[in-house]
>>> print(open('final03.cif').read())   # mmCIF, C-alpha atoms
data_data
#
loop_
_atom_site.group_PDB
_atom_site.id
_atom_site.type_symbol
_atom_site.label_atom_id
_atom_site.label_comp_id
_atom_site.auth_asym_id
_atom_site.auth_seq_id
_atom_site.Cartn_x
_atom_site.Cartn_y
_atom_site.Cartn_z
ATOM 1 C CA MET W 15 13.636 38.883 -26.757
ATOM 2 C CA ASP W 16 11.539 41.743 -25.338
ATOM 3 C CA GLY W 17 8.711 39.328 -24.533
ATOM 4 C CA SER W 18 10.881 37.185 -22.272
ATOM 5 C CA VAL W 19 12.116 40.234 -20.326
ATOM 6 C CA ARG W 20 8.569 41.481 -19.860
ATOM 7 C CA ALA W 21 7.339 38.071 -18.625
ATOM 8 C CA SER W 22 10.071 37.854 -15.982
ATOM 9 C CA SER W 23 9.368 41.389 -14.712
ATOM 10 C CA ASP W 24 5.625 40.600 -14.481
ATOM 11 C CA ALA W 25 6.360 37.482 -12.412
ATOM 12 C CA ALA W 26 8.461 39.505 -9.970
ATOM 13 C CA ALA W 27 5.681 42.087 -9.501
ATOM 14 C CA GLY W 28 3.556 39.650 -7.481
ATOM 15 C CA PRO W 29 0.054 38.364 -7.886
ATOM 16 C CA PRO W 30 -2.454 40.253 -10.015
ATOM 17 C CA PRO W 31 -4.658 42.826 -8.243
ATOM 18 C CA TYR W 32 -7.792 40.668 -8.371
ATOM 19 C CA PHE W 33 -5.968 37.978 -6.375
ATOM 20 C CA ARG W 34 -4.783 40.348 -3.642
ATOM 21 C CA GLY W 35 -8.346 41.213 -2.657
ATOM 22 C CA ASN W 36 -9.215 37.556 -2.120
ATOM 23 C CA GLU W 37 -6.188 36.861 0.068
ATOM 24 C CA SER W 38 -7.791 38.255 3.226
ATOM 25 C CA SER W 39 -10.966 36.255 2.646
ATOM 26 C CA LEU W 40 -8.886 33.112 2.155
ATOM 27 C CA VAL W 41 -7.023 33.727 5.405
ATOM 28 C CA SER W 42 -10.318 34.393 7.169
ATOM 29 C CA ALA W 43 -11.810 31.170 5.818
ATOM 30 C CA LEU W 44 -8.772 29.171 6.893
ATOM 31 C CA LYS W 45 -8.883 30.682 10.389
ATOM 32 C CA THR W 46 -12.556 29.769 10.648
ATOM 33 C CA LEU W 47 -11.848 26.238 9.461
ATOM 34 C CA LEU W 48 -8.958 25.847 11.919
ATOM 35 C CA PHE W 49 -11.072 27.152 14.811
ATOM 36 C CA PHE W 50 -13.933 24.765 14.119
ATOM 37 C CA THR W 51 -11.531 21.853 13.535
ATOM 38 C CA ILE W 52 -9.995 22.380 16.972
ATOM 39 C CA LEU W 53 -13.449 22.829 18.480
ATOM 40 C CA MET W 54 -14.684 19.634 16.785
ATOM 41 C CA VAL W 55 -11.844 17.621 18.316
ATOM 42 C CA THR W 56 -11.730 19.095 21.802
ATOM 43 C CA LEU W 57 -15.343 19.869 22.718
ATOM 44 C CA PRO W 58 -16.959 16.427 22.229
ATOM 45 C CA ILE W 59 -14.044 14.599 23.875
ATOM 46 C CA GLY W 60 -13.939 17.037 26.771
ATOM 47 C CA LEU W 61 -17.692 16.918 27.271
ATOM 48 C CA TYR W 62 -17.668 13.126 27.089
ATOM 49 C CA PHE W 63 -15.179 12.683 29.919
ATOM 50 C CA ALA W 64 -16.460 15.611 31.985
ATOM 51 C CA SER W 65 -20.102 14.566 31.790
ATOM 52 C CA LYS W 66 -19.225 10.928 32.479
ATOM 53 C CA ALA W 67 -17.127 11.679 35.552
ATOM 54 C CA TYR W 68 -18.859 14.689 37.088
ATOM 55 C CA ILE W 69 -22.498 14.539 35.987
ATOM 56 C CA PHE W 70 -23.479 10.930 35.407
ATOM 57 C CA GLU W 71 -21.166 9.082 37.819
ATOM 58 C CA GLY W 72 -20.579 11.938 40.265
ATOM 59 C CA SER W 73 -23.880 13.758 40.687
ATOM 60 C CA MET W 74 -26.365 11.173 39.413
ATOM 61 C CA LYS W 75 -24.526 8.099 40.818
ATOM 62 C CA MET W 76 -25.061 6.045 37.646
ATOM 63 C CA SER W 77 -23.231 2.813 36.952
ATOM 64 C CA SER W 78 -20.180 2.881 34.722
ATOM 65 C CA SER W 79 -21.934 1.230 31.778
ATOM 66 C CA ASP W 80 -24.897 3.643 31.939
ATOM 67 C CA SER W 81 -22.615 6.664 32.211
ATOM 68 C CA TYR W 82 -20.715 5.565 29.076
ATOM 69 C CA PHE W 83 -23.959 5.520 27.140
ATOM 70 C CA TYR W 84 -25.245 8.913 28.285
ATOM 71 C CA ALA W 85 -21.835 10.568 27.975
ATOM 72 C CA ALA W 86 -21.656 9.356 24.372
ATOM 73 C CA ILE W 87 -25.032 10.974 23.708
ATOM 74 C CA VAL W 88 -23.697 14.264 25.114
ATOM 75 C CA ALA W 89 -20.623 14.009 22.850
ATOM 76 C CA VAL W 90 -22.751 13.314 19.755
ATOM 77 C CA LEU W 91 -24.962 16.302 20.563
ATOM 78 C CA ALA W 92 -21.831 18.454 20.908
ATOM 79 C CA VAL W 93 -20.663 17.319 17.451
ATOM 80 C CA HIS W 94 -24.005 18.324 15.958
ATOM 81 C CA VAL W 95 -23.908 21.736 17.644
ATOM 82 C CA VAL W 96 -20.370 22.416 16.366
ATOM 83 C CA LEU W 97 -21.355 21.339 12.845
ATOM 84 C CA ALA W 98 -24.434 23.565 12.897
ATOM 85 C CA LEU W 99 -22.367 26.525 14.106
ATOM 86 C CA PHE W 100 -19.783 25.909 11.394
ATOM 87 C CA VAL W 101 -22.424 25.833 8.674
ATOM 88 C CA TYR W 102 -23.984 29.031 10.032
ATOM 89 C CA VAL W 103 -20.649 30.877 10.202
ATOM 90 C CA ALA W 104 -19.511 29.601 6.801
ATOM 91 C CA TRP W 105 -22.824 30.577 5.218
ATOM 92 C CA ASN W 106 -22.680 34.125 6.579
ATOM 93 C CA GLU W 107 -18.942 34.661 6.182
ATOM 94 C CA GLY W 108 -19.083 36.119 2.680
ATOM 95 C CA THR W 109 -22.008 38.499 3.266
ATOM 96 C CA PRO W 110 -21.381 42.176 4.032
ATOM 97 C CA LYS W 111 -21.853 43.064 7.696
ATOM 98 C CA GLY W 112 -24.038 46.126 7.150
ATOM 99 C CA LYS W 113 -26.391 44.524 4.644
ATOM 100 C CA GLY W 114 -29.882 43.632 5.827
ATOM 101 C CA LYS W 115 -32.664 41.585 4.280
ATOM 102 C CA HIS W 116 -33.592 41.983 0.649
ATOM 103 C CA ASP W 117 -37.032 43.323 -0.301
#
>>> encode(input="final03.cif", output="structure tokens")
Amino acid sequence: MDGSVRASSDAAAGPPPYFRGNESSLVSALKTLLFFTILMVTLPIGLYFASKAYIFEGSMKMSSSDSYFYAAIVAVLAVHVVLALFVYVAWNEGTPKGKGKHD
């Protein structure tokens, strides 16, 4: 009978201490993921239409079919840049800020 009372009081106390320390890193990782997800959707699409209308058709006076092609290249390059930035940020997210190179 004492065991069941103890188990219910432990459950009400909250998560164990080792879990509480990881909660901020989990929130940070989710914020980073959300930021790069939004960036991955908006940046290539925005650059596609902006470069097609203003750069290739507007400034360079290209035909519509040529501007589609070059605007798609700009969008693909934007996707690669966002992916590279995400990998860089995710790789360095867990390292301490004050720590330098190892000997």
>>> closest_residue(input="final03.cif", among="W:Tyr68, W:Phe49, W:Asn106, W:Tyr62", to="Val88 in chain W", atoms="all atoms listed in the file")
W:Tyr62
>>> closest_residue(input="final03.cif", among="W:Met76, W:Val103, W:Ile69, W:Leu57", to="Ala89 in chain W", atoms="all atoms listed in the file")
W:Leu57
>>> resolve_selection(input="final03.cif", expression="the PyMOL selection byres ((chain W and resi 43) around 12)", output="list in words")
Asn36, Glu37, Ser38, Ser39, Leu40, Val41, Ser42, Leu44, Lys45, Thr46, Leu47, Leu48, Phe49, Phe50, Phe100, Val103, Ala104, Trp105, Asn106, Glu107 and Gly108 of chain W
>>> residues_around(input="final03.cif", residues="Ala64 in chain W", least_positions_apart="3", cutoff="12 Å", atoms="all atoms listed in the file", output="list in words")
Thr56, Leu57, Pro58, Ile59, Gly60, Leu61, Ala67, Tyr68, Ile69, Phe70, Glu71, Gly72, Ser73, Ser81, Tyr82, Tyr84, Ala85, Ala86, Val88 and Ala89 of chain W
>>> axis_aligned_box(input="final03.cif", around="range 68-82 of chain W", padding_each_side="5 Å", output="lines of an AutoDock Vina configuration file")
center_x = -22.6
center_y = 8.0
center_z = 34.9
size_x = 17.5
size_y = 23.5
size_z = 21.7
>>> build_atoms(input="final03.cif", residues="range 92-103 of chain W", atoms="all heavy atoms", output="PDB file, keeping the file's coordinate frame")
ATOM      1  N   ALA W  92     -22.845  17.404  21.052  1.00  0.00           N
ATOM      2  CA  ALA W  92     -21.831  18.454  20.908  1.00  0.00           C
ATOM      3  C   ALA W  92     -21.311  18.515  19.470  1.00  0.00           C
ATOM      4  O   ALA W  92     -21.097  19.605  18.923  1.00  0.00           O
ATOM      5  CB  ALA W  92     -20.685  18.224  21.888  1.00  0.00           C
ATOM      6  N   VAL W  93     -21.106  17.360  18.853  1.00  0.00           N
ATOM      7  CA  VAL W  93     -20.663  17.319  17.451  1.00  0.00           C
ATOM      8  C   VAL W  93     -21.692  17.996  16.552  1.00  0.00           C
ATOM      9  O   VAL W  93     -21.338  18.796  15.674  1.00  0.00           O
ATOM     10  CB  VAL W  93     -20.416  15.860  17.001  1.00  0.00           C
ATOM     11  CG1 VAL W  93     -20.284  15.768  15.490  1.00  0.00           C
ATOM     12  CG2 VAL W  93     -19.186  15.305  17.663  1.00  0.00           C
ATOM     13  N   HIS W  94     -22.959  17.716  16.780  1.00  0.00           N
ATOM     14  CA  HIS W  94     -24.005  18.324  15.958  1.00  0.00           C
ATOM     15  C   HIS W  94     -24.084  19.838  16.165  1.00  0.00           C
ATOM     16  O   HIS W  94     -24.303  20.590  15.205  1.00  0.00           O
ATOM     17  CB  HIS W  94     -25.354  17.664  16.257  1.00  0.00           C
ATOM     18  CG  HIS W  94     -25.493  16.329  15.619  1.00  0.00           C
ATOM     19  ND1 HIS W  94     -24.999  15.182  16.186  1.00  0.00           N
ATOM     20  CD2 HIS W  94     -26.058  15.959  14.450  1.00  0.00           C
ATOM     21  CE1 HIS W  94     -25.263  14.165  15.397  1.00  0.00           C
ATOM     22  NE2 HIS W  94     -25.909  14.603  14.334  1.00  0.00           N
ATOM     23  N   VAL W  95     -23.894  20.291  17.376  1.00  0.00           N
ATOM     24  CA  VAL W  95     -23.908  21.736  17.644  1.00  0.00           C
ATOM     25  C   VAL W  95     -22.736  22.416  16.950  1.00  0.00           C
ATOM     26  O   VAL W  95     -22.899  23.477  16.316  1.00  0.00           O
ATOM     27  CB  VAL W  95     -23.899  22.001  19.165  1.00  0.00           C
ATOM     28  CG1 VAL W  95     -23.615  23.459  19.464  1.00  0.00           C
ATOM     29  CG2 VAL W  95     -25.215  21.575  19.782  1.00  0.00           C
ATOM     30  N   VAL W  96     -21.545  21.831  17.029  1.00  0.00           N
ATOM     31  CA  VAL W  96     -20.370  22.416  16.366  1.00  0.00           C
ATOM     32  C   VAL W  96     -20.570  22.432  14.851  1.00  0.00           C
ATOM     33  O   VAL W  96     -20.252  23.427  14.192  1.00  0.00           O
ATOM     34  CB  VAL W  96     -19.083  21.657  16.758  1.00  0.00           C
ATOM     35  CG1 VAL W  96     -17.899  22.110  15.926  1.00  0.00           C
ATOM     36  CG2 VAL W  96     -18.779  21.851  18.230  1.00  0.00           C
ATOM     37  N   LEU W  97     -21.094  21.364  14.294  1.00  0.00           N
ATOM     38  CA  LEU W  97     -21.355  21.339  12.845  1.00  0.00           C
ATOM     39  C   LEU W  97     -22.372  22.394  12.428  1.00  0.00           C
ATOM     40  O   LEU W  97     -22.190  23.076  11.413  1.00  0.00           O
ATOM     41  CB  LEU W  97     -21.849  19.958  12.418  1.00  0.00           C
ATOM     42  CG  LEU W  97     -20.791  18.886  12.255  1.00  0.00           C
ATOM     43  CD1 LEU W  97     -21.444  17.541  11.977  1.00  0.00           C
ATOM     44  CD2 LEU W  97     -19.830  19.243  11.151  1.00  0.00           C
ATOM     45  N   ALA W  98     -23.425  22.549  13.213  1.00  0.00           N
ATOM     46  CA  ALA W  98     -24.434  23.565  12.897  1.00  0.00           C
ATOM     47  C   ALA W  98     -23.837  24.967  12.984  1.00  0.00           C
ATOM     48  O   ALA W  98     -24.108  25.820  12.128  1.00  0.00           O
ATOM     49  CB  ALA W  98     -25.627  23.428  13.830  1.00  0.00           C
ATOM     50  N   LEU W  99     -23.020  25.216  13.987  1.00  0.00           N
ATOM     51  CA  LEU W  99     -22.367  26.525  14.106  1.00  0.00           C
ATOM     52  C   LEU W  99     -21.416  26.780  12.943  1.00  0.00           C
ATOM     53  O   LEU W  99     -21.347  27.901  12.426  1.00  0.00           O
ATOM     54  CB  LEU W  99     -21.609  26.627  15.428  1.00  0.00           C
ATOM     55  CG  LEU W  99     -22.456  26.825  16.674  1.00  0.00           C
ATOM     56  CD1 LEU W  99     -21.588  26.747  17.926  1.00  0.00           C
ATOM     57  CD2 LEU W  99     -23.171  28.164  16.622  1.00  0.00           C
ATOM     58  N   PHE W 100     -20.693  25.747  12.527  1.00  0.00           N
ATOM     59  CA  PHE W 100     -19.783  25.909  11.394  1.00  0.00           C
ATOM     60  C   PHE W 100     -20.548  26.250  10.124  1.00  0.00           C
ATOM     61  O   PHE W 100     -20.148  27.138   9.375  1.00  0.00           O
ATOM     62  CB  PHE W 100     -18.950  24.653  11.179  1.00  0.00           C
ATOM     63  CG  PHE W 100     -18.115  24.722   9.938  1.00  0.00           C
ATOM     64  CD1 PHE W 100     -17.013  25.553   9.883  1.00  0.00           C
ATOM     65  CD2 PHE W 100     -18.445  23.983   8.811  1.00  0.00           C
ATOM     66  CE1 PHE W 100     -16.248  25.647   8.727  1.00  0.00           C
ATOM     67  CE2 PHE W 100     -17.698  24.068   7.656  1.00  0.00           C
ATOM     68  CZ  PHE W 100     -16.594  24.898   7.617  1.00  0.00           C
ATOM     69  N   VAL W 101     -21.620  25.556   9.876  1.00  0.00           N
ATOM     70  CA  VAL W 101     -22.424  25.833   8.674  1.00  0.00           C
ATOM     71  C   VAL W 101     -22.976  27.252   8.729  1.00  0.00           C
ATOM     72  O   VAL W 101     -22.945  27.976   7.725  1.00  0.00           O
ATOM     73  CB  VAL W 101     -23.555  24.786   8.522  1.00  0.00           C
ATOM     74  CG1 VAL W 101     -24.551  25.203   7.464  1.00  0.00           C
ATOM     75  CG2 VAL W 101     -22.965  23.428   8.196  1.00  0.00           C
ATOM     76  N   TYR W 102     -23.457  27.679   9.888  1.00  0.00           N
ATOM     77  CA  TYR W 102     -23.984  29.031  10.032  1.00  0.00           C
ATOM     78  C   TYR W 102     -22.907  30.083   9.774  1.00  0.00           C
ATOM     79  O   TYR W 102     -23.125  31.038   9.027  1.00  0.00           O
ATOM     80  CB  TYR W 102     -24.574  29.210  11.432  1.00  0.00           C
ATOM     81  CG  TYR W 102     -25.066  30.608  11.700  1.00  0.00           C
ATOM     82  CD1 TYR W 102     -26.266  31.057  11.170  1.00  0.00           C
ATOM     83  CD2 TYR W 102     -24.315  31.493  12.462  1.00  0.00           C
ATOM     84  CE1 TYR W 102     -26.709  32.342  11.399  1.00  0.00           C
ATOM     85  CE2 TYR W 102     -24.755  32.788  12.693  1.00  0.00           C
ATOM     86  CZ  TYR W 102     -25.947  33.203  12.164  1.00  0.00           C
ATOM     87  OH  TYR W 102     -26.372  34.469  12.384  1.00  0.00           O
ATOM     88  N   VAL W 103     -21.735  29.900  10.378  1.00  0.00           N
ATOM     89  CA  VAL W 103     -20.649  30.877  10.202  1.00  0.00           C
ATOM     90  C   VAL W 103     -20.150  30.865   8.756  1.00  0.00           C
ATOM     91  O   VAL W 103     -19.912  31.919   8.161  1.00  0.00           O
ATOM     92  CB  VAL W 103     -19.504  30.581  11.193  1.00  0.00           C
ATOM     93  CG1 VAL W 103     -18.259  31.375  10.861  1.00  0.00           C
ATOM     94  CG2 VAL W 103     -19.953  30.891  12.609  1.00  0.00           C
TER      95      VAL W 103
END
